[in-house]
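Structure below is my_file-v2.csv: CSV, C-alpha atoms and all ligand atoms.
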```csv
chain,number,residue,atom,x,y,z
B,212,MET,CA,-13.1,-89.6,57.9
B,213,LYS,CA,-10.6,-90.0,60.8
B,214,ILE,CA,-10.2,-93.3,62.5
B,215,GLY,CA,-8.0,-94.0,65.5
B,216,MET,CA,-6.9,-97.6,66.1
B,217,LEU,CA,-5.5,-99.2,69.2
B,218,THR,CA,-4.6,-102.7,70.5
B,219,SER,CA,-4.9,-103.1,74.3
B,220,GLY,CA,-4.2,-105.7,77.0
B,221,GLY,CA,-2.2,-108.9,76.6
B,222,ASP,CA,-1.1,-109.4,73.0
B,223,CYS,CA,-2.0,-112.5,70.9
B,224,GLN,CA,-1.7,-113.8,67.4
B,225,GLY,CA,-3.8,-112.1,64.8
B,226,LEU,CA,-3.7,-108.5,66.1
B,227,ASN,CA,-1.8,-107.3,63.0
B,228,SER,CA,-3.9,-109.3,60.6
B,229,ALA,CA,-7.0,-107.8,62.2
B,230,LEU,CA,-5.6,-104.2,62.0
B,231,ARG,CA,-4.7,-105.0,58.3
B,232,GLY,CA,-8.3,-106.3,57.7
B,233,VAL,CA,-9.9,-103.1,59.0
B,234,ALA,CA,-7.4,-100.7,57.4
B,235,LYS,CA,-7.3,-102.4,53.9
B,236,ALA,CA,-11.1,-102.5,53.8
B,237,LEU,CA,-11.3,-98.8,54.8
B,238,TYR,CA,-8.7,-97.6,52.3
B,239,TYR,CA,-10.2,-99.8,49.5
B,240,ARG,CA,-13.7,-98.4,50.2
B,241,PHE,CA,-12.9,-94.7,51.0
B,242,GLY,CA,-9.6,-94.1,49.3
B,243,LYS,CA,-8.2,-90.6,50.2
B,244,ASP,CA,-11.4,-89.9,52.2
B,245,VAL,CA,-10.1,-91.9,55.1
B,246,GLU,CA,-7.2,-91.1,57.5
B,247,ILE,CA,-6.1,-93.8,59.9
B,248,TYR,CA,-4.2,-92.9,63.1
B,249,GLY,CA,-2.2,-95.5,65.1
B,250,ILE,CA,-2.5,-95.0,68.8
B,251,ARG,CA,0.6,-96.4,70.6
B,252,ASP,CA,0.5,-99.0,73.4
B,253,GLY,CA,-3.3,-99.2,73.8
B,254,TYR,CA,-5.1,-96.7,76.0
B,255,ARG,CA,-1.7,-95.3,77.2
B,256,GLY,CA,-1.3,-93.7,73.8
B,257,LEU,CA,-4.8,-92.2,74.0
B,258,ILE,CA,-4.2,-90.8,77.4
B,259,TYR,CA,-0.9,-89.2,76.5
B,260,GLY,CA,-1.6,-88.4,72.9
B,261,ASP,CA,1.0,-90.8,71.6
B,262,ILE,CA,-0.4,-91.1,68.1
B,263,GLN,CA,0.9,-91.3,64.6
B,264,LYS,CA,-0.8,-91.0,61.2
B,265,MET,CA,-0.6,-94.3,59.3
B,266,ASN,CA,-0.2,-95.0,55.6
B,267,PRO,CA,-1.6,-97.9,53.6
B,268,LYS,CA,1.9,-99.3,53.3
B,269,ASP,CA,2.0,-99.7,57.2
B,270,PHE,CA,-0.6,-102.4,56.9
B,271,SER,CA,1.2,-104.3,54.1
B,272,GLY,CA,3.2,-107.4,54.9
B,273,ILE,CA,1.8,-107.8,58.4
B,274,LEU,CA,-0.7,-110.6,57.8
B,275,THR,CA,1.6,-113.2,59.3
B,276,LEU,CA,3.4,-111.0,61.8
B,277,GLY,CA,3.0,-111.9,65.5
B,278,GLY,CA,2.5,-109.2,68.2
B,279,THR,CA,1.1,-105.8,67.3
B,280,ILE,CA,2.7,-103.1,65.2
B,281,LEU,CA,0.9,-100.5,67.5
B,282,GLY,CA,2.3,-101.9,70.8
B,283,THR,CA,0.0,-102.6,73.7
B,284,SER,CA,-0.2,-102.1,77.5
B,285,ARG,CA,-2.6,-103.0,80.3
B,286,GLN,CA,-4.4,-100.0,81.7
B,287,SER,CA,-6.6,-101.0,84.6
B,288,PHE,CA,-10.3,-100.1,84.2
B,289,LYS,CA,-10.5,-99.3,87.9
B,290,THR,CA,-8.1,-96.3,87.5
B,291,MET,CA,-9.9,-94.7,84.6
B,292,CYS,CA,-12.1,-92.4,86.6
B,293,THR,CA,-9.6,-91.5,89.4
B,294,PRO,CA,-8.5,-87.8,89.4
B,295,LEU,CA,-4.7,-87.7,89.1
B,296,GLU,CA,-2.3,-85.2,90.3
B,297,GLU,CA,-0.1,-85.6,87.1
B,298,PHE,CA,-3.1,-84.5,85.1
B,299,GLY,CA,-4.0,-81.5,87.4
B,300,GLY,CA,-6.9,-83.4,88.9
B,301,LYS,CA,-8.2,-84.8,85.6
B,302,THR,CA,-8.8,-88.5,85.1
B,303,LYS,CA,-7.4,-90.8,82.4
B,304,LEU,CA,-10.9,-90.8,80.9
B,305,ASP,CA,-10.9,-87.0,80.7
B,306,LYS,CA,-7.5,-87.2,78.9
B,307,MET,CA,-8.7,-89.8,76.5
B,308,LEU,CA,-11.8,-87.8,75.6
B,309,GLU,CA,-9.6,-84.7,75.1
B,310,THR,CA,-7.4,-86.6,72.7
B,311,CYS,CA,-10.4,-87.9,70.7
B,312,LYS,CA,-11.6,-84.3,70.4
B,313,LYS,CA,-8.2,-82.9,69.5
B,314,TYR,CA,-7.8,-85.5,66.7
B,315,LYS,CA,-11.5,-85.2,65.7
B,316,PHE,CA,-11.8,-89.0,65.5
B,317,ASP,CA,-15.0,-90.2,63.8
B,318,CYS,CA,-14.5,-93.6,65.3
B,319,LEU,CA,-12.1,-95.5,67.5
B,320,VAL,CA,-11.3,-99.1,66.5
B,321,ILE,CA,-10.4,-101.0,69.7
B,322,LEU,CA,-8.9,-104.5,69.6
B,323,GLY,CA,-8.9,-106.1,73.0
B,324,GLY,CA,-10.1,-108.6,75.6
B,325,ASN,CA,-12.1,-108.3,78.8
B,326,GLY,CA,-10.5,-105.3,80.6
B,327,THR,CA,-10.2,-103.5,77.3
B,328,HIS,CA,-13.9,-103.8,76.6
B,329,LYS,CA,-14.9,-102.3,80.0
B,330,THR,CA,-13.0,-99.2,79.0
B,331,ALA,CA,-14.3,-99.3,75.4
B,332,ASN,CA,-17.8,-99.3,76.8
B,333,LEU,CA,-16.9,-96.4,79.1
B,334,LEU,CA,-15.7,-94.4,76.1
B,335,ALA,CA,-18.8,-95.2,74.2
B,336,GLN,CA,-21.0,-94.1,77.2
B,337,ASN,CA,-19.1,-90.8,77.1
B,338,GLY,CA,-20.0,-90.1,73.5
B,339,ILE,CA,-17.1,-91.7,71.6
B,340,ASN,CA,-18.0,-93.7,68.5
B,341,VAL,CA,-16.4,-97.1,69.1
B,342,VAL,CA,-16.2,-100.3,67.1
B,343,SER,CA,-14.3,-103.2,68.8
B,344,LEU,CA,-12.8,-106.5,67.8
B,345,PRO,CA,-12.6,-109.5,70.2
B,346,LYS,CA,-9.0,-110.7,70.9
B,347,THR,CA,-7.6,-113.1,73.5
B,348,ILE,CA,-6.0,-116.5,73.6
B,349,ASP,CA,-8.4,-117.2,76.5
B,350,ASN,CA,-11.6,-117.1,74.3
B,351,ASP,CA,-13.4,-115.8,77.4
B,352,LEU,CA,-15.1,-112.7,75.9
B,353,TRP,CA,-18.8,-112.7,76.4
B,354,GLY,CA,-20.9,-112.3,73.2
B,355,THR,CA,-18.8,-114.1,70.7
B,356,ASP,CA,-18.4,-117.8,70.0
B,357,MET,CA,-14.7,-117.2,69.2
B,358,THR,CA,-12.0,-114.6,69.8
B,359,PHE,CA,-9.0,-114.4,67.6
B,360,GLY,CA,-5.7,-115.7,69.0
B,361,PHE,CA,-7.4,-118.6,70.7
B,362,GLN,CA,-7.0,-121.2,67.9
B,363,SER,CA,-3.3,-120.2,67.4
B,364,ALA,CA,-2.7,-120.6,71.1
B,365,VAL,CA,-4.5,-124.0,71.1
B,366,ASP,CA,-2.2,-125.1,68.3
B,367,ILE,CA,0.9,-124.1,70.3
B,368,ALA,CA,-0.3,-125.7,73.5
B,369,THR,CA,-1.3,-128.8,71.6
B,370,ASN,CA,2.2,-129.0,70.1
B,371,VAL,CA,3.7,-128.8,73.5
B,372,ILE,CA,1.6,-131.6,74.8
B,373,ASP,CA,2.4,-133.7,71.6
B,374,CYS,CA,6.2,-133.2,72.3
B,375,ILE,CA,5.8,-134.0,76.0
B,376,HIS,CA,3.8,-137.1,75.0
B,377,SER,CA,6.7,-138.7,73.2
B,378,THR,CA,9.2,-138.2,76.0
B,379,ALA,CA,6.6,-139.2,78.7
B,380,THR,CA,6.0,-142.4,76.8
B,381,SER,CA,9.7,-143.2,76.4
B,382,HIS,CA,10.4,-142.7,80.1
B,383,GLY,CA,7.1,-143.9,81.5
B,384,ARG,CA,6.8,-140.6,83.3
B,385,VAL,CA,4.0,-138.4,84.5
B,386,PHE,CA,4.0,-134.9,83.1
B,387,ILE,CA,2.0,-131.8,83.9
B,388,VAL,CA,1.7,-129.2,81.1
B,389,GLU,CA,0.6,-125.9,82.5
B,390,VAL,CA,-1.6,-123.9,80.1
B,391,MET,CA,-2.4,-120.2,80.2
B,392,GLY,CA,-5.8,-119.1,81.6
B,393,HIS,CA,-6.2,-117.6,85.1
B,394,LYS,CA,-10.0,-117.5,85.2
B,395,VAL,CA,-11.2,-119.7,82.4
B,396,GLY,CA,-10.2,-123.0,81.0
B,397,TRP,CA,-11.1,-123.0,77.3
B,398,LEU,CA,-7.5,-123.1,76.2
B,399,THR,CA,-6.6,-125.9,78.5
B,400,LEU,CA,-9.7,-127.8,77.6
B,401,HIS,CA,-9.1,-127.6,73.9
B,402,ALA,CA,-5.4,-128.2,74.0
B,403,GLY,CA,-5.9,-131.1,76.5
B,404,ILE,CA,-8.4,-132.8,74.2
B,405,SER,CA,-6.5,-132.2,71.0
B,406,GLY,CA,-3.2,-133.3,72.7
B,407,GLY,CA,-4.8,-136.4,74.2
B,408,ALA,CA,-4.2,-135.5,77.8
B,409,ASP,CA,-5.4,-138.0,80.4
B,410,VAL,CA,-6.4,-135.4,83.0
B,411,ILE,CA,-7.6,-131.9,82.3
B,412,LEU,CA,-7.9,-129.4,85.2
B,413,ILE,CA,-9.6,-126.0,84.7
B,414,PRO,CA,-10.6,-123.2,87.0
B,415,GLU,CA,-14.3,-123.8,86.5
B,416,ILE,CA,-14.1,-127.4,87.8
B,417,PRO,CA,-12.2,-127.5,91.2
B,418,TYR,CA,-10.2,-130.7,91.4
B,419,ASP,CA,-10.0,-133.4,94.0
B,420,VAL,CA,-6.3,-134.3,94.3
B,421,ASP,CA,-7.2,-137.8,95.5
B,422,LYS,CA,-9.3,-138.4,92.4
B,423,VAL,CA,-6.4,-137.2,90.3
B,424,CYS,CA,-4.0,-139.6,92.0
B,425,SER,CA,-6.4,-142.5,91.6
B,426,VAL,CA,-6.6,-141.9,87.9
B,427,LEU,CA,-2.8,-142.0,87.6
B,428,GLN,CA,-2.6,-145.1,89.7
B,429,LYS,CA,-5.3,-146.9,87.7
B,430,ARG,CA,-3.5,-146.1,84.5
B,431,LYS,CA,-0.2,-147.5,86.0
B,432,LYS,CA,-2.0,-150.6,87.1
B,433,ASN,CA,-3.4,-151.0,83.6
B,434,GLY,CA,0.2,-150.9,82.1
B,435,LYS,CA,0.3,-147.2,81.2
B,436,ALA,CA,3.4,-146.0,83.0
B,437,PHE,CA,3.1,-142.4,81.6
B,438,SER,CA,0.3,-139.9,82.0
B,439,ILE,CA,-0.2,-136.3,80.8
B,440,LEU,CA,-2.1,-133.7,82.8
B,441,ALA,CA,-3.2,-130.5,81.1
B,442,VAL,CA,-3.5,-128.0,84.0
B,443,ALA,CA,-4.8,-124.4,83.6
B,444,GLU,CA,-2.6,-121.8,85.5
B,445,GLY,CA,-5.8,-120.9,87.3
B,446,ALA,CA,-6.8,-124.4,88.3
B,447,MET,CA,-7.8,-124.7,91.9
B,448,SER,CA,-8.5,-127.5,94.4
B,449,LYS,CA,-12.0,-128.2,95.8
B,450,GLU,CA,-10.7,-127.0,99.2
B,451,GLU,CA,-9.6,-123.7,97.7
B,452,ALA,CA,-12.9,-123.3,95.9
B,453,ALA,CA,-14.7,-123.4,99.2
B,454,MET,CA,-12.6,-120.5,100.6
B,455,SER,CA,-13.5,-116.9,100.7
B,456,LYS,CA,-11.7,-114.6,98.2
B,457,LYS,CA,-9.5,-113.3,101.1
B,458,GLU,CA,-8.7,-116.8,102.4
B,459,PHE,CA,-7.9,-117.9,98.8
B,460,LYS,CA,-5.5,-115.0,98.2
B,461,ALA,CA,-3.7,-115.6,101.5
B,462,ALA,CA,-3.4,-119.4,100.8
B,463,ARG,CA,-1.9,-118.6,97.3
B,464,ALA,CA,0.4,-116.0,98.8
B,465,SER,CA,1.8,-118.5,101.2
B,466,MET,CA,2.2,-121.2,98.6
B,467,LYS,CA,5.9,-122.1,98.4
B,468,GLU,CA,5.8,-123.5,94.8
B,469,PRO,CA,6.0,-121.0,91.9
B,470,SER,CA,2.7,-122.2,90.3
B,471,ILE,CA,-0.3,-124.5,90.9
B,472,SER,CA,1.3,-127.2,88.7
B,473,TYR,CA,4.4,-127.5,90.9
B,474,ARG,CA,2.1,-127.7,94.0
B,475,LEU,CA,0.0,-130.4,92.4
B,476,ALA,CA,3.1,-132.3,91.4
B,477,ASN,CA,4.4,-132.3,95.0
B,478,GLU,CA,1.0,-133.4,96.3
B,479,ILE,CA,0.8,-136.3,93.8
B,480,THR,CA,4.4,-137.4,94.6
B,481,GLU,CA,3.6,-137.3,98.4
B,482,ARG,CA,0.5,-139.4,97.9
B,483,THR,CA,1.7,-141.9,95.3
B,484,GLY,CA,5.5,-141.7,95.2
B,485,GLN,CA,5.3,-141.1,91.5
B,486,GLU,CA,7.9,-138.8,90.0
B,487,ILE,CA,6.3,-135.8,88.1
B,488,ARG,CA,7.8,-133.3,85.6
B,489,VAL,CA,6.3,-129.9,85.0
B,490,THR,CA,6.4,-128.0,81.7
B,491,ILE,CA,5.2,-124.4,81.4
B,492,PRO,CA,5.1,-122.9,77.9
B,493,GLY,CA,3.9,-119.6,79.3
B,494,HIS,CA,3.9,-116.6,77.0
B,495,PHE,CA,5.2,-118.8,74.2
B,496,GLN,CA,1.4,-119.5,73.7
B,497,ARG,CA,0.8,-115.9,72.7
B,498,GLY,CA,3.7,-115.6,70.3
B,499,GLY,CA,4.4,-116.1,66.6
B,500,SER,CA,2.2,-116.1,63.5
B,501,PRO,CA,-1.5,-116.5,63.6
B,502,CYS,CA,-2.7,-119.9,62.4
B,503,ALA,CA,-4.8,-120.1,59.2
B,504,TYR,CA,-8.0,-120.1,61.1
B,505,ASP,CA,-7.1,-116.8,62.9
B,506,ARG,CA,-5.9,-115.2,59.7
B,507,ILE,CA,-9.3,-115.9,58.2
B,508,LEU,CA,-11.2,-114.9,61.3
B,509,THR,CA,-9.4,-111.6,61.7
B,510,THR,CA,-9.9,-110.8,58.0
B,511,ARG,CA,-13.6,-111.4,58.5
B,512,PHE,CA,-13.7,-109.4,61.8
B,513,GLY,CA,-11.6,-106.6,60.3
B,514,THR,CA,-13.6,-106.2,57.1
B,515,ALA,CA,-16.9,-106.4,59.1
B,516,ALA,CA,-15.6,-103.6,61.4
B,517,ALA,CA,-14.9,-101.5,58.4
B,518,GLU,CA,-18.5,-102.1,57.1
B,519,MET,CA,-19.8,-101.1,60.6
B,520,ILE,CA,-17.9,-97.9,60.4
B,521,ALA,CA,-19.3,-97.2,56.9
B,522,ASN,CA,-22.8,-97.8,58.2
B,523,LYS,CA,-22.2,-95.8,61.4
B,524,GLN,CA,-23.0,-98.8,63.6
B,525,PHE,CA,-21.1,-97.7,66.7
B,526,GLY,CA,-21.0,-98.9,70.3
B,527,ARG,CA,-20.6,-102.5,69.2
B,528,MET,CA,-18.2,-105.4,69.1
B,529,VAL,CA,-17.8,-107.5,66.0
B,530,ALA,CA,-18.6,-111.1,66.9
B,531,ILE,CA,-19.2,-114.6,65.4
B,532,HIS,CA,-22.2,-116.7,66.2
B,533,ASN,CA,-22.7,-120.1,64.5
B,534,ASN,CA,-20.0,-119.1,62.0
B,535,GLU,CA,-21.9,-116.0,61.0
B,536,ILE,CA,-20.2,-112.6,61.5
B,537,THR,CA,-22.5,-110.3,63.6
B,538,SER,CA,-22.1,-107.7,66.3
B,539,VAL,CA,-23.1,-107.2,69.9
B,540,PRO,CA,-23.6,-104.0,72.0
B,541,LEU,CA,-20.5,-103.1,74.1
B,542,GLU,CA,-22.7,-102.8,77.2
B,543,GLU,CA,-23.6,-106.5,76.9
B,544,VAL,CA,-19.9,-107.5,76.6
B,545,ALA,CA,-18.3,-105.3,79.2
B,546,GLY,CA,-17.6,-106.9,82.5
B,547,LYS,CA,-18.8,-110.4,81.6
B,548,LEU,CA,-16.7,-113.6,81.3
B,549,LYS,CA,-17.6,-116.5,79.0
B,550,THR,CA,-16.6,-119.4,81.2
B,551,VAL,CA,-16.6,-123.1,80.5
B,552,SER,CA,-19.9,-124.7,81.5
B,553,PRO,CA,-19.2,-128.1,83.2
B,554,ASP,CA,-21.8,-129.7,80.9
B,555,CYS,CA,-20.6,-128.2,77.6
B,556,ASP,CA,-20.1,-130.3,74.6
B,557,GLU,CA,-16.3,-130.4,74.9
B,558,ILE,CA,-16.4,-131.7,78.5
B,559,ARG,CA,-19.0,-134.3,77.6
B,560,ALA,CA,-16.7,-135.5,74.7
B,561,ALA,CA,-13.7,-135.6,77.1
B,562,LYS,CA,-15.6,-137.6,79.7
B,563,ALA,CA,-16.9,-139.9,77.0
B,564,LEU,CA,-13.3,-140.8,76.2
B,565,GLY,CA,-12.5,-141.4,79.9
B,566,ILE,CA,-10.5,-138.2,80.3
B,567,SER,CA,-10.6,-137.1,83.9
B,568,MET,CA,-11.6,-133.6,84.8
B,569,GLY,CA,-10.2,-134.2,88.3
B,570,ILE,CA,-13.5,-134.9,90.1
Y,1,LIG,O1,-5.3,-112.9,78.9
Y,1,LIG,C1,-4.3,-113.5,78.2
Y,1,LIG,C2,-3.3,-114.1,79.2
Y,1,LIG,O2,-2.2,-114.7,78.4
Y,1,LIG,C3,-3.9,-115.1,80.2
Y,1,LIG,O3,-4.0,-116.4,79.6
Y,1,LIG,C4,-2.8,-115.0,81.2
Y,1,LIG,O4,-3.3,-115.5,82.5
Y,1,LIG,C5,-2.4,-113.6,81.3
Y,1,LIG,O5,-2.8,-113.1,80.0
Y,1,LIG,C6,-1.0,-113.3,81.5
Y,1,LIG,O6,-0.8,-111.9,81.7
Y,1,LIG,P1,0.6,-111.2,81.5
Y,1,LIG,O7,0.9,-111.1,80.0
Y,1,LIG,O8,0.3,-109.8,82.0
Y,1,LIG,O9,1.6,-111.9,82.3
```
As a first step, turn the structure in this file into structure tokens.
Amino acid sequence: MKIGMLTSGGDCQGLNSALRGVAKALYYRFGKDVEIYGIRDGYRGLIYGDIQKMNPKDFSGILTLGGTILGTSRQSFKTMCTPLEEFGGKTKLDKMLETCKKYKFDCLVILGGNGTHKTANLLAQNGINVVSLPKTIDNDLWGTDMTFGFQSAVDIATNVIDCIHSTATSHGRVFIVEVMGHKVGWLTLHAGISGGADVILIPEIPYDVDKVCSVLQKRKKNGKAFSILAVAEGAMSKEEAAMSKKEFKAARASMKEPSISYRLANEITERTGQEIRVTIPGHFQRGGSPCAYDRILTTRFGTAAAEMIANKQFGRMVAIHNNEITSVPLEEVAGKLKTVSPDCDEIRAAKALGISMGI
């Protein structure tokens, strides 16, 4: 049996432990009857045939290693079916199908997030046996309660808020911590709650800057000189939410500040005179070792993927529902986002504590 493995899209913690989970379970079960091929840099390696045969020892000692031993890249789904001159009029999809045929892969194991799953589904629709694993620090993949990488990123972002808390308290300052997440706010919501933020702003709930200011002023009046705002990089104001896509893009393009947090900081200062500091941990949130939860989750996902390969259950993504490992069809996952519902349990809990969601 020949298996090709690739990691695609933005990296996150747990990619290596997931690869290890799949590979070790396959080698343990099939011994010499399985050959695993590592495809370099995600779909790029599949398009260009940048592939190497792996050995069991390649998957040893990587449980705690951050990043991905296979490398990764972002390959836009939109370009997959465009004929390209460099390929003599063939598409990237054609090239990937040719590579699969050349290597006689019995299955492709694909580790990725949203964009990756659209292409994984496309490959499956074109006759390739695919088993996929849900990765992303954003936890925004449809069809699974949890993606791996998310809990590790929550730990890091929480730690940032904890550290900011102590300096904010000492100086009586207001701080904004900008958390990753362009389209969805799971990471900001969880880090904000676990770090004890006073205001949490996420893309799904457009904020009212006057409401945010009144929260800060009320806290000050009540003797709390410091405040912490956890703000998603994709947070938007209620005025922006009312704009068309085109207007929004133009408004953001003309924004003089480098990110939404700096703009918000300026707006708050203009309105209240309060000094604001901004901290952006950025890609730090995707780095380093997976937390214990992600090590266990990736081991469960990886071994389940191996089981699916053994049972020839293709065209599916491994998932977790109510703490049970299961799987969902790729066509159900592709192209859908799991966003934060404004009445979800976490938001109800945050509101019950008096945390402001900026409205
Ligand atoms: O999807 C993971 C993620 O880290 C998002 O949270 C973030 O918006 C984006 O990737 C950043 O992308 P890049 O690594 O290409 O800068």
Using all atoms listed in the file, what does the table of chain B residues within 10 Å of ligand LIG 1 (chain Y) look like, with each row giving the shortest atom pair and its distance in Å to one decimal, sorted by chain and ascending number, as a Markdown table?
```
| residue | atom | partner | partner_atom | distance |
| --- | --- | --- | --- | --- |
| B:Gly220 | CA | Y:LIG1 | O1 | 7.5 |
| B:Gly221 | CA | Y:LIG1 | O7 | 5.1 |
| B:Asp222 | CA | Y:LIG1 | C1 | 7.4 |
| B:Cys223 | CA | Y:LIG1 | C1 | 7.7 |
| B:Ser284 | CA | Y:LIG1 | O8 | 8.9 |
| B:Arg285 | CA | Y:LIG1 | O8 | 7.6 |
| B:Gly323 | CA | Y:LIG1 | O1 | 9.7 |
| B:Gly324 | CA | Y:LIG1 | O1 | 7.2 |
| B:Asn325 | CA | Y:LIG1 | O1 | 8.2 |
| B:Gly326 | CA | Y:LIG1 | O1 | 9.4 |
| B:Lys346 | CA | Y:LIG1 | O1 | 9.1 |
| B:Thr347 | CA | Y:LIG1 | C1 | 5.8 |
| B:Ile348 | CA | Y:LIG1 | C1 | 5.7 |
| B:Asp349 | CA | Y:LIG1 | O3 | 5.4 |
| B:Asn350 | CA | Y:LIG1 | O1 | 8.9 |
| B:Asp351 | CA | Y:LIG1 | O1 | 8.7 |
| B:Gly360 | CA | Y:LIG1 | C1 | 9.6 |
| B:Phe361 | CA | Y:LIG1 | C1 | 9.6 |
| B:Ala364 | CA | Y:LIG1 | O2 | 9.4 |
| B:Val390 | CA | Y:LIG1 | O3 | 7.9 |
| B:Met391 | CA | Y:LIG1 | O3 | 4.2 |
| B:Gly392 | CA | Y:LIG1 | O3 | 3.8 |
| B:His393 | CA | Y:LIG1 | O4 | 4.4 |
| B:Lys394 | CA | Y:LIG1 | O4 | 7.5 |
| B:Val395 | CA | Y:LIG1 | O3 | 8.4 |
| B:Gly396 | CA | Y:LIG1 | O3 | 9.2 |
| B:Trp397 | CA | Y:LIG1 | O3 | 10.0 |
| B:Leu398 | CA | Y:LIG1 | O3 | 8.3 |
| B:Thr399 | CA | Y:LIG1 | O3 | 9.9 |
| B:Ala443 | CA | Y:LIG1 | O3 | 9.0 |
| B:Glu444 | CA | Y:LIG1 | O4 | 7.0 |
| B:Gly445 | CA | Y:LIG1 | O4 | 7.6 |
| B:Gly493 | CA | Y:LIG1 | O2 | 7.9 |
| B:His494 | CA | Y:LIG1 | O2 | 6.5 |
| B:Phe495 | CA | Y:LIG1 | O2 | 9.4 |
| B:Gln496 | CA | Y:LIG1 | O2 | 7.6 |
| B:Arg497 | CA | Y:LIG1 | O2 | 6.6 |
```
Pick from B:Ser363, B:Thr380, B:Ser472, B:Asn332 nearest to Leu226 (chain B), counting all atoms listed in the file:
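For Leu226 (chain B), the nearest of the candidates is B:Ser363.
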Interatomic distance, CA of Gly569 (chain B) to CA of Asn370 (chain B) (Å, one decimal):
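Straight-line distance from CA of Gly569 (chain B) to CA of Asn370 (chain B) works out to 22.6 Å.
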Sort by chain and increasing residue number a table of all residues of region 484-561 of chain B within 12 Å of region 422-425 of chain B, each with its closest pair of atoms and their distance in Å to one decimal, counting all atoms listed in the file, and write it as a Markdown table.
```
| residue | atom | partner | partner_atom | distance |
| --- | --- | --- | --- | --- |
| B:Gly484 | CA | B:Cys424 | CA | 10.2 |
| B:Gln485 | CA | B:Cys424 | CA | 9.4 |
| B:Ile487 | CA | B:Cys424 | CA | 11.7 |
```
Store the residues picked out above, limited to C-alpha atoms, as a JSON list (two decimals), in the coordinates of the input.
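Generated file (out-v3.json):
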```
[["chain", "number", "residue", "atom", "x", "y", "z"],
["B", 484, "GLY", "CA", 5.50, -141.70, 95.20],
["B", 485, "GLN", "CA", 5.30, -141.10, 91.50],
["B", 487, "ILE", "CA", 6.30, -135.80, 88.10]]
```
One decimal, Å: what's the distance from CA of Asn533 (chain B) over to CA of Arg231 (chain B), could you say?
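Calculated distance between CA of Asn533 (chain B) and CA of Arg231 (chain B) is 24.3 Å.
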